[in-house]
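*Asks:* My structure is in input_30.csv, and what it holds is CSV, N, CA and C atoms:
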```
chain,number,residue,atom,x,y,z
A,264,GLN,N,118.8,88.2,65.7
A,264,GLN,CA,119.1,89.5,66.2
A,264,GLN,C,120.6,89.8,66.2
A,265,VAL,N,121.0,90.8,65.4
A,265,VAL,CA,122.4,91.2,65.3
A,265,VAL,C,122.8,92.0,66.5
A,266,GLN,N,123.9,91.6,67.1
A,266,GLN,CA,124.5,92.3,68.2
A,266,GLN,C,125.9,92.7,68.0
A,267,LEU,N,126.2,94.0,68.0
A,267,LEU,CA,127.5,94.5,67.9
A,267,LEU,C,128.0,94.6,69.4
A,268,VAL,N,129.2,94.1,69.6
A,268,VAL,CA,129.7,94.1,71.0
A,268,VAL,C,131.0,94.9,71.0
A,269,GLU,N,131.0,96.0,71.8
A,269,GLU,CA,132.2,96.8,71.9
A,269,GLU,C,133.0,96.4,73.2
A,270,SER,N,134.3,96.6,73.1
A,270,SER,CA,135.1,96.4,74.3
A,270,SER,C,136.3,97.3,74.2
A,271,GLY,N,137.0,97.4,75.3
A,271,GLY,CA,138.3,98.2,75.4
A,271,GLY,C,138.2,99.6,76.0
A,272,GLY,N,137.0,100.0,76.4
A,272,GLY,CA,136.8,101.2,77.1
A,272,GLY,C,137.4,101.2,78.5
A,273,GLY,N,137.4,102.3,79.1
A,273,GLY,CA,138.0,102.4,80.5
A,273,GLY,C,138.4,103.8,80.9
A,274,LEU,N,139.1,103.8,82.0
A,274,LEU,CA,139.6,105.1,82.5
A,274,LEU,C,141.1,105.2,82.2
A,275,VAL,N,141.5,106.4,81.6
A,275,VAL,CA,142.9,106.6,81.3
A,275,VAL,C,143.2,108.1,81.5
A,276,GLN,N,144.5,108.3,81.8
A,276,GLN,CA,144.9,109.7,82.0
A,276,GLN,C,145.1,110.4,80.7
A,277,ALA,N,145.0,111.7,80.7
A,277,ALA,CA,145.2,112.5,79.5
A,277,ALA,C,146.6,112.2,79.0
A,278,GLY,N,146.6,112.1,77.6
A,278,GLY,CA,147.9,111.7,77.0
A,278,GLY,C,148.0,110.2,76.7
A,279,GLY,N,147.2,109.4,77.4
A,279,GLY,CA,147.2,108.0,77.3
A,279,GLY,C,146.5,107.4,76.0
A,280,SER,N,146.5,106.1,76.0
A,280,SER,CA,145.9,105.5,74.8
A,280,SER,C,144.9,104.4,75.2
A,281,LEU,N,144.0,104.1,74.3
A,281,LEU,CA,143.1,103.0,74.5
A,281,LEU,C,142.8,102.4,73.1
A,282,ARG,N,142.5,101.2,73.0
A,282,ARG,CA,142.1,100.6,71.8
A,282,ARG,C,140.7,99.9,71.9
A,283,LEU,N,139.7,100.4,71.2
A,283,LEU,CA,138.4,99.9,71.2
A,283,LEU,C,138.3,98.8,70.1
A,284,SER,N,137.5,97.8,70.4
A,284,SER,CA,137.2,96.8,69.5
A,284,SER,C,135.7,96.6,69.4
A,285,CYS,N,135.2,96.2,68.2
A,285,CYS,CA,133.8,95.9,68.0
A,285,CYS,C,133.7,94.7,67.1
A,286,ALA,N,132.9,93.7,67.6
A,286,ALA,CA,132.8,92.5,66.8
A,286,ALA,C,131.3,92.1,66.8
A,287,ALA,N,131.0,91.3,65.8
A,287,ALA,CA,129.6,90.7,65.6
A,287,ALA,C,129.8,89.4,64.9
A,288,ALA,N,129.0,88.4,65.4
A,288,ALA,CA,129.1,87.1,64.9
A,288,ALA,C,128.0,86.8,63.8
A,289,GLU,N,127.0,87.7,63.9
A,289,GLU,CA,125.8,87.3,63.1
A,289,GLU,C,125.8,87.9,61.6
A,290,ILE,N,126.7,88.9,61.4
A,290,ILE,CA,126.8,89.5,60.1
A,290,ILE,C,128.2,89.4,59.5
A,291,MET,N,128.3,89.6,58.2
A,291,MET,CA,129.6,89.5,57.6
A,291,MET,C,130.1,91.0,57.4
A,292,PHE,N,131.1,91.3,58.3
A,292,PHE,CA,131.5,92.7,58.3
A,292,PHE,C,132.0,93.2,57.0
A,293,SER,N,132.5,92.4,56.2
A,293,SER,CA,133.2,92.8,54.9
A,293,SER,C,132.3,93.6,54.0
A,294,ILE,N,131.0,93.4,54.1
A,294,ILE,CA,130.1,94.1,53.2
A,294,ILE,C,129.5,95.3,53.8
A,295,TYR,N,129.9,95.6,55.1
A,295,TYR,CA,129.3,96.7,55.8
A,295,TYR,C,130.3,97.9,55.8
A,296,ASP,N,129.7,99.1,55.8
A,296,ASP,CA,130.4,100.3,56.2
A,296,ASP,C,130.4,100.4,57.7
A,297,LEU,N,131.5,100.6,58.4
A,297,LEU,CA,131.7,100.6,59.8
A,297,LEU,C,132.1,101.9,60.4
A,298,GLY,N,131.6,102.2,61.6
A,298,GLY,CA,132.0,103.5,62.1
A,298,GLY,C,132.0,103.4,63.6
A,299,TRP,N,132.7,104.4,64.2
A,299,TRP,CA,132.7,104.7,65.6
A,299,TRP,C,132.1,106.1,65.9
A,300,TYR,N,131.2,106.1,66.8
A,300,TYR,CA,130.5,107.4,67.2
A,300,TYR,C,130.7,107.6,68.7
A,301,HIS,N,130.6,108.8,69.2
A,301,HIS,CA,130.6,109.0,70.6
A,301,HIS,C,129.5,109.9,71.0
A,302,GLN,N,129.1,109.9,72.2
A,302,GLN,CA,128.0,110.7,72.8
A,302,GLN,C,128.3,111.0,74.2
A,303,VAL,N,128.1,112.3,74.5
A,303,VAL,CA,128.1,112.7,75.9
A,303,VAL,C,126.7,113.1,76.3
A,304,PRO,N,126.5,113.1,77.6
A,304,PRO,CA,125.1,113.4,78.1
A,304,PRO,C,124.7,114.8,77.6
A,305,GLY,N,123.4,114.9,77.1
A,305,GLY,CA,122.9,116.1,76.7
A,305,GLY,C,123.3,116.5,75.2
A,306,LYS,N,124.1,115.7,74.6
A,306,LYS,CA,124.5,116.1,73.2
A,306,LYS,C,124.1,114.9,72.3
A,307,GLN,N,124.1,115.2,71.0
A,307,GLN,CA,123.8,114.2,70.0
A,307,GLN,C,125.0,113.3,69.8
A,308,ARG,N,124.7,112.1,69.4
A,308,ARG,CA,125.8,111.2,69.0
A,308,ARG,C,126.4,111.7,67.7
A,309,GLU,N,127.8,111.7,67.7
A,309,GLU,CA,128.5,112.2,66.6
A,309,GLU,C,129.5,111.3,66.1
A,310,LEU,N,129.8,111.4,64.8
A,310,LEU,CA,130.8,110.5,64.2
A,310,LEU,C,132.2,110.8,64.6
A,311,VAL,N,132.9,109.8,64.9
A,311,VAL,CA,134.3,109.9,65.3
A,311,VAL,C,135.2,109.5,64.1
A,312,ALA,N,134.9,108.3,63.6
A,312,ALA,CA,135.7,107.7,62.5
A,312,ALA,C,134.9,106.7,61.7
A,313,ALA,N,135.1,106.6,60.4
A,313,ALA,CA,134.4,105.6,59.6
A,313,ALA,C,135.3,105.0,58.6
A,314,ILE,N,135.0,103.7,58.3
A,314,ILE,CA,135.7,103.0,57.2
A,314,ILE,C,134.7,102.2,56.4
A,315,THR,N,134.7,102.5,55.1
A,315,THR,CA,133.7,101.8,54.2
A,315,THR,C,134.1,100.4,54.0
A,316,SER,N,133.2,99.7,53.3
A,316,SER,CA,133.5,98.3,53.0
A,316,SER,C,134.7,98.2,52.0
A,317,SER,N,134.9,99.3,51.2
A,317,SER,CA,136.1,99.3,50.3
A,317,SER,C,137.3,99.8,50.9
A,318,GLY,N,137.3,100.3,52.2
A,318,GLY,CA,138.5,100.7,52.9
A,318,GLY,C,138.7,102.2,52.9
A,319,SER,N,137.8,103.0,52.4
A,319,SER,CA,137.9,104.4,52.5
A,319,SER,C,137.7,104.9,54.0
A,320,ILE,N,138.5,105.8,54.4
A,320,ILE,CA,138.4,106.2,55.8
A,320,ILE,C,138.2,107.7,55.9
A,321,ASP,N,137.4,108.0,57.0
A,321,ASP,CA,137.1,109.4,57.3
A,321,ASP,C,137.2,109.6,58.8
A,322,TYR,N,137.7,110.8,59.2
A,322,TYR,CA,137.8,111.1,60.6
A,322,TYR,C,137.1,112.5,60.9
A,323,ALA,N,136.6,112.6,62.1
A,323,ALA,CA,136.1,113.9,62.5
A,323,ALA,C,137.4,114.7,62.8
A,324,ASP,N,137.2,116.0,62.5
A,324,ASP,CA,138.4,116.9,62.7
A,324,ASP,C,139.0,116.8,64.0
A,325,PHE,N,138.2,116.6,65.1
A,325,PHE,CA,138.7,116.7,66.4
A,325,PHE,C,139.6,115.5,66.8
A,326,VAL,N,139.6,114.4,65.9
A,326,VAL,CA,140.4,113.3,66.3
A,326,VAL,C,141.5,113.0,65.2
A,327,LYS,N,141.6,113.8,64.2
A,327,LYS,CA,142.6,113.6,63.1
A,327,LYS,C,144.0,113.7,63.7
A,328,GLY,N,144.8,112.7,63.3
A,328,GLY,CA,146.2,112.7,63.8
A,328,GLY,C,146.3,112.0,65.2
A,329,ARG,N,145.2,111.7,65.8
A,329,ARG,CA,145.3,111.0,67.1
A,329,ARG,C,144.6,109.6,67.1
A,330,PHE,N,143.5,109.5,66.4
A,330,PHE,CA,142.8,108.2,66.3
A,330,PHE,C,143.0,107.5,65.0
A,331,THR,N,142.9,106.2,65.0
A,331,THR,CA,143.1,105.4,63.8
A,331,THR,C,142.0,104.3,63.8
A,332,ILE,N,141.2,104.3,62.8
A,332,ILE,CA,140.2,103.2,62.6
A,332,ILE,C,140.8,102.2,61.6
A,333,SER,N,140.5,100.9,62.0
A,333,SER,CA,140.9,99.8,61.1
A,333,SER,C,139.9,98.7,61.2
A,334,ARG,N,140.0,97.8,60.2
A,334,ARG,CA,139.0,96.7,60.2
A,334,ARG,C,139.8,95.4,59.9
A,335,ASP,N,139.3,94.3,60.5
A,335,ASP,CA,139.9,93.0,60.1
A,335,ASP,C,138.7,92.1,59.8
A,336,ASN,N,138.4,92.0,58.5
A,336,ASN,CA,137.2,91.3,58.1
A,336,ASN,C,137.3,89.8,58.4
A,337,SER,N,138.5,89.3,58.4
A,337,SER,CA,138.6,87.8,58.8
A,337,SER,C,138.2,87.6,60.2
A,338,LYS,N,138.2,88.6,61.1
A,338,LYS,CA,137.8,88.4,62.4
A,338,LYS,C,136.5,89.1,62.7
A,339,ASN,N,135.9,89.7,61.7
A,339,ASN,CA,134.6,90.4,61.8
A,339,ASN,C,134.7,91.5,62.9
A,340,THR,N,135.8,92.2,62.9
A,340,THR,CA,136.1,93.2,63.9
A,340,THR,C,136.5,94.5,63.4
A,341,VAL,N,136.1,95.6,64.0
A,341,VAL,CA,136.6,96.9,63.7
A,341,VAL,C,137.2,97.5,65.0
A,342,TYR,N,138.3,98.3,64.7
A,342,TYR,CA,139.1,98.8,65.9
A,342,TYR,C,139.1,100.3,65.8
A,343,LEU,N,139.3,100.9,67.0
A,343,LEU,CA,139.6,102.3,67.1
A,343,LEU,C,140.8,102.5,68.0
A,344,GLN,N,141.9,102.8,67.5
A,344,GLN,CA,143.1,103.1,68.3
A,344,GLN,C,143.1,104.6,68.6
A,345,MET,N,143.0,104.9,69.9
A,345,MET,CA,142.9,106.2,70.4
A,345,MET,C,144.2,106.6,71.1
A,346,ASN,N,144.9,107.5,70.6
A,346,ASN,CA,146.2,108.0,71.2
A,346,ASN,C,146.0,109.5,71.6
A,347,SER,N,146.9,109.9,72.4
A,347,SER,CA,147.0,111.3,72.9
A,347,SER,C,145.6,111.7,73.4
A,348,LEU,N,145.0,110.9,74.2
A,348,LEU,CA,143.6,111.2,74.6
A,348,LEU,C,143.5,112.5,75.5
A,349,LYS,N,142.4,113.1,75.3
A,349,LYS,CA,142.1,114.4,76.0
A,349,LYS,C,140.9,114.2,76.9
A,350,PRO,N,140.8,115.0,77.9
A,350,PRO,CA,139.5,114.9,78.7
A,350,PRO,C,138.3,115.1,77.9
A,351,GLU,N,138.3,115.9,76.9
A,351,GLU,CA,137.1,116.1,76.1
A,351,GLU,C,136.8,114.9,75.2
A,352,ASP,N,137.6,113.9,75.2
A,352,ASP,CA,137.3,112.7,74.5
A,352,ASP,C,136.4,111.8,75.4
A,353,THR,N,136.2,112.2,76.6
A,353,THR,CA,135.3,111.4,77.5
A,353,THR,C,133.9,111.3,76.9
A,354,ALA,N,133.4,110.1,76.8
A,354,ALA,CA,132.1,109.8,76.2
A,354,ALA,C,131.8,108.3,76.2
A,355,VAL,N,130.6,108.0,75.8
A,355,VAL,CA,130.3,106.6,75.5
A,355,VAL,C,130.6,106.4,74.0
A,356,TYR,N,131.3,105.4,73.6
A,356,TYR,CA,131.7,105.2,72.2
A,356,TYR,C,130.8,104.0,71.7
A,357,TYR,N,130.2,104.2,70.6
A,357,TYR,CA,129.4,103.2,69.9
A,357,TYR,C,129.9,102.8,68.6
A,358,CYS,N,129.7,101.5,68.4
A,358,CYS,CA,130.1,100.9,67.1
A,358,CYS,C,128.9,100.9,66.2
A,359,ASN,N,129.1,101.1,64.9
A,359,ASN,CA,128.0,101.1,63.9
A,359,ASN,C,128.3,100.3,62.7
A,360,ALA,N,127.4,99.5,62.2
A,360,ALA,CA,127.6,98.8,60.9
A,360,ALA,C,126.3,99.1,60.1
A,361,LYS,N,126.6,99.5,58.9
A,361,LYS,CA,125.4,99.9,58.0
A,361,LYS,C,125.7,99.5,56.6
A,362,ARG,N,124.5,99.3,55.9
A,362,ARG,CA,124.5,99.1,54.5
A,362,ARG,C,123.4,100.1,54.0
A,363,GLY,N,123.8,101.3,53.6
A,363,GLY,CA,122.9,102.3,53.4
A,363,GLY,C,121.9,102.0,52.3
A,364,PHE,N,122.4,101.4,51.2
A,364,PHE,CA,121.5,101.1,50.1
A,364,PHE,C,120.4,100.2,50.5
A,365,TYR,N,120.6,99.3,51.5
A,365,TYR,CA,119.6,98.4,51.9
A,365,TYR,C,118.9,98.9,53.2
A,366,ASN,N,119.2,100.1,53.6
A,366,ASN,CA,118.6,100.7,54.8
A,366,ASN,C,118.8,99.7,56.0
A,367,VAL,N,120.0,99.2,56.2
A,367,VAL,CA,120.3,98.4,57.3
A,367,VAL,C,121.3,99.1,58.2
A,368,ASN,N,121.0,99.1,59.4
A,368,ASN,CA,121.8,99.9,60.4
A,368,ASN,C,121.8,99.3,61.7
A,369,TYR,N,123.0,98.9,62.2
A,369,TYR,CA,123.1,98.2,63.5
A,369,TYR,C,124.0,99.0,64.5
A,370,TRP,N,123.7,99.0,65.7
A,370,TRP,CA,124.5,99.7,66.8
A,370,TRP,C,124.8,98.8,67.9
A,371,GLY,N,126.0,99.0,68.5
A,371,GLY,CA,126.4,98.4,69.7
A,371,GLY,C,125.8,99.1,70.9
A,372,ARG,N,126.0,98.6,72.1
A,372,ARG,CA,125.4,99.2,73.3
A,372,ARG,C,126.3,100.2,73.9
A,373,GLY,N,127.5,100.3,73.4
A,373,GLY,CA,128.4,101.4,73.8
A,373,GLY,C,129.4,100.9,74.9
A,374,THR,N,130.6,101.6,74.9
A,374,THR,CA,131.6,101.4,75.9
A,374,THR,C,132.1,102.8,76.4
A,375,GLN,N,132.2,102.9,77.7
A,375,GLN,CA,132.5,104.2,78.3
A,375,GLN,C,134.0,104.4,78.2
A,376,VAL,N,134.4,105.6,77.8
A,376,VAL,CA,135.8,106.0,77.8
A,376,VAL,C,135.8,107.3,78.7
A,377,THR,N,136.7,107.3,79.7
A,377,THR,CA,136.8,108.4,80.6
A,377,THR,C,138.3,108.8,80.6
A,378,VAL,N,138.6,110.0,80.3
A,378,VAL,CA,139.9,110.6,80.3
A,378,VAL,C,140.1,111.6,81.4
A,379,SER,N,140.9,111.3,82.3
A,379,SER,CA,141.1,112.2,83.5
A,379,SER,C,142.3,113.2,83.2
A,380,SER,N,142.1,114.4,83.7
A,380,SER,CA,143.1,115.4,83.5
A,380,SER,C,144.2,115.4,84.5
```
Turn the structure described in the file into structure tokens.
*Replies:*
Amino acid sequence: QVQLVESGGGLVQAGGSLRLSCAAAEIMFSIYDLGWYHQVPGKQRELVAAITSSGSIDYADFVKGRFTISRDNSKNTVYLQMNSLKPEDTAVYYCNAKRGFYNVNYWGRGTQVTVSS
């Protein structure tokens, strides 16, 4: 059973920063496309940032210039550095690892990020 484990969420004031981490011991991150998604109650889960196995990066427009995704394959970990946080960034953040060609898709349980105004 593959388990992605997120950490680093919490409560922060607007303008502050948080760094999320996601690790998994059971799979080799280097061959997976990795991503961070967020979800607020009543809305669909949406992509925040993604980094492919080859290192290509994509961001949602609402986080460009504020968030940075990175990966450390030697530690089997993906990070999301979140700066200049806004109250509208408040959500549960989920880590995702996938290999689309093989129809393999794993999710973490999520970590709560709350940004106060």
*Asks:* Could you check which of A:Gln264, A:Ser347, A:Ser316, A:Lys361 is closest to Ser293 of chain A, using only N, CA and C atoms?
*Replies:* A:Ser316
*Asks:* Identify, on the basis of only C-alpha atoms, every residue whose closest approach to Tyr322 of chain A does not exceed 8 Å; exclude the query and any residue fewer than 6 positions from it along the same chain; express the result as a list in words.
*Replies:*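 These residues fall inside the cut-off: Leu310, Val311, Ala312 and Ala313 of chain A.
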*Asks:* Would you compute the distance between atom CA of Cys358 of chain A and atom CA of Gly278 of chain A? Give it in Å to one decimal.
*Replies:* 23.1 Å
*Asks:* Could you tell me how far atom CA of Leu267 of chain A sits from atom CA of Ser337 of chain A, in Å to one decimal place?
*Replies:*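 Between atom CA of Ser337 of chain A and atom CA of Leu267 of chain A the gap is 15.8 Å.
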*Asks:* Kindly indicate which residue among A:Tyr295, A:Ala286, A:Ser280, A:Lys349 lies nearest to Gly363 of chain A, using only N, CA and C atoms for the distances.
*Replies:*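 Of all the options, A:Tyr295 lies closest to Gly363 of chain A.
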*Asks:* Do you know which residues are at most 5 Å from Ala360 of chain A counting all atoms listed in the file, after dropping those on the same chain fewer than 5 positions away, and could you put them as a PyMOL selection string?
*Replies:* chain A and resi 296-297+368-369
*Asks:* Can you measure atom N of Ile332 of chain A to atom CA of Asn359 of chain A for me? One decimal in Å is fine.
*Replies:* 13.6 Å
*Asks:* Select, from A:Thr340, A:Thr331, A:Gln276, A:Ser270, the residue with the minimum atom-to-atom distance to Phe292 of chain A, counting only N, CA and C atoms.
*Replies:*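 The answer is A:Thr340, which sits nearest to Phe292 of chain A.
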*Asks:* Which residue is closest to Gly279 of chain A? Choose from A:Asn346, A:Gln302, A:Val376, A:Ala354 and count only N, CA and C atoms.
*Replies:*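 Among the listed residues, the smallest separation from Gly279 of chain A belongs to A:Asn346.
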